[in-house]
Amino acid sequence: MIKQKLYYGKDIEVMFNSEVCTHSGICVKGLPGVFDLSKRPWVNPDADTAEAIARHIDTCPSGALTYRRLDGEY
């Protein structure tokens with residue numbers, strides 16, 4: 001069973017697969033306003049632009065974070 005969680009934003013949806021995550025911390029260090037482990041939910045897809053979030057998710061070394069743009073961009 002894949003443990004994937006979906007976080008809905010206005011312009012982007014962020015998916016997180018906890019089974020794939022290697023806990024490198026790149027997400028929380030790079031965009032702490034979007035990825036904040038002290039908050040629930042810990043992902044806030046409206047805390048930055050969809051472009052900034054997508055670029056940052058593309059740096060996730062494990063591929064645990066993925067996204068779907070809702071603003072018509074790729």
# chains A, B, ... in the order shown; residues from 1 in each chain; ligands from 1
call {"tool": "residues_around", "arguments": {"residues": "A:Met15", "least_positions_apart": "4", "cutoff": "10 Å", "atoms": "only C-alpha atoms", "output": "ChimeraX atom specification"}}
result
/A:4-8,43,57,64-68
call {"tool": "write_last_selection", "arguments": {"atoms": "N, CA, C and O atoms", "output": "tab-separated table (two decimals), in the first residue's frame"}}
result
chain	number	residue	atom	x	y	z
A	4	GLN	N	0.66	7.77	0.02
A	4	GLN	CA	0.79	9.05	-0.67
A	4	GLN	C	-0.29	10.00	-0.18
A	4	GLN	O	-1.45	9.62	-0.08
A	5	LYS	N	0.11	11.22	0.10
A	5	LYS	CA	-0.81	12.24	0.60
A	5	LYS	C	-0.86	13.37	-0.43
A	5	LYS	O	0.17	13.72	-1.01
A	6	LEU	N	-2.04	13.92	-0.63
A	6	LEU	CA	-2.24	14.99	-1.60
A	6	LEU	C	-2.59	16.27	-0.86
A	6	LEU	O	-3.45	16.27	0.02
A	7	TYR	N	-1.91	17.34	-1.23
A	7	TYR	CA	-2.14	18.66	-0.63
A	7	TYR	C	-2.61	19.59	-1.74
A	7	TYR	O	-1.89	19.81	-2.72
A	8	TYR	N	-3.82	20.12	-1.61
A	8	TYR	CA	-4.44	20.93	-2.64
A	8	TYR	C	-4.11	22.41	-2.46
A	8	TYR	O	-4.26	22.95	-1.37
A	43	VAL	N	2.39	20.67	4.56
A	43	VAL	CA	2.60	21.24	3.23
A	43	VAL	C	1.50	22.27	2.97
A	43	VAL	O	0.31	21.96	3.08
A	57	ILE	N	10.42	21.30	-5.86
A	57	ILE	CA	10.08	19.88	-5.83
A	57	ILE	C	10.93	19.10	-6.83
A	57	ILE	O	11.32	17.95	-6.56
A	64	ALA	N	10.06	11.66	-3.66
A	64	ALA	CA	8.91	11.52	-2.78
A	64	ALA	C	7.90	12.64	-2.98
A	64	ALA	O	6.71	12.45	-2.75
A	65	LEU	N	8.37	13.80	-3.39
A	65	LEU	CA	7.49	14.93	-3.67
A	65	LEU	C	7.30	15.04	-5.18
A	65	LEU	O	8.26	15.03	-5.95
A	66	THR	N	6.05	15.14	-5.58
A	66	THR	CA	5.69	15.39	-6.97
A	66	THR	C	4.60	16.45	-6.97
A	66	THR	O	4.11	16.85	-5.91
A	67	TYR	N	4.23	16.91	-8.14
A	67	TYR	CA	3.22	17.97	-8.21
A	67	TYR	C	2.44	17.89	-9.51
A	67	TYR	O	2.85	17.22	-10.47
A	68	ARG	N	1.34	18.60	-9.50
A	68	ARG	CA	0.53	18.80	-10.71
A	68	ARG	C	0.17	20.26	-10.74
A	68	ARG	O	-0.45	20.79	-9.80
call {"tool": "residues_around", "arguments": {"residues": "stretch 17-30 of chain A", "least_positions_apart": "3", "cutoff": "12 Å", "atoms": "only C-alpha atoms", "output": "PyMOL selection string"}}
result
chain A and resi 1-7+14+33-39+42-44+48+52-67
call {"tool": "select_by_dssp", "arguments": {"residues": "chain A", "states": "strand (DSSP E)", "output": "MDAnalysis selection string"}}
result
chainID A and resid 4:8 12:17 65:69
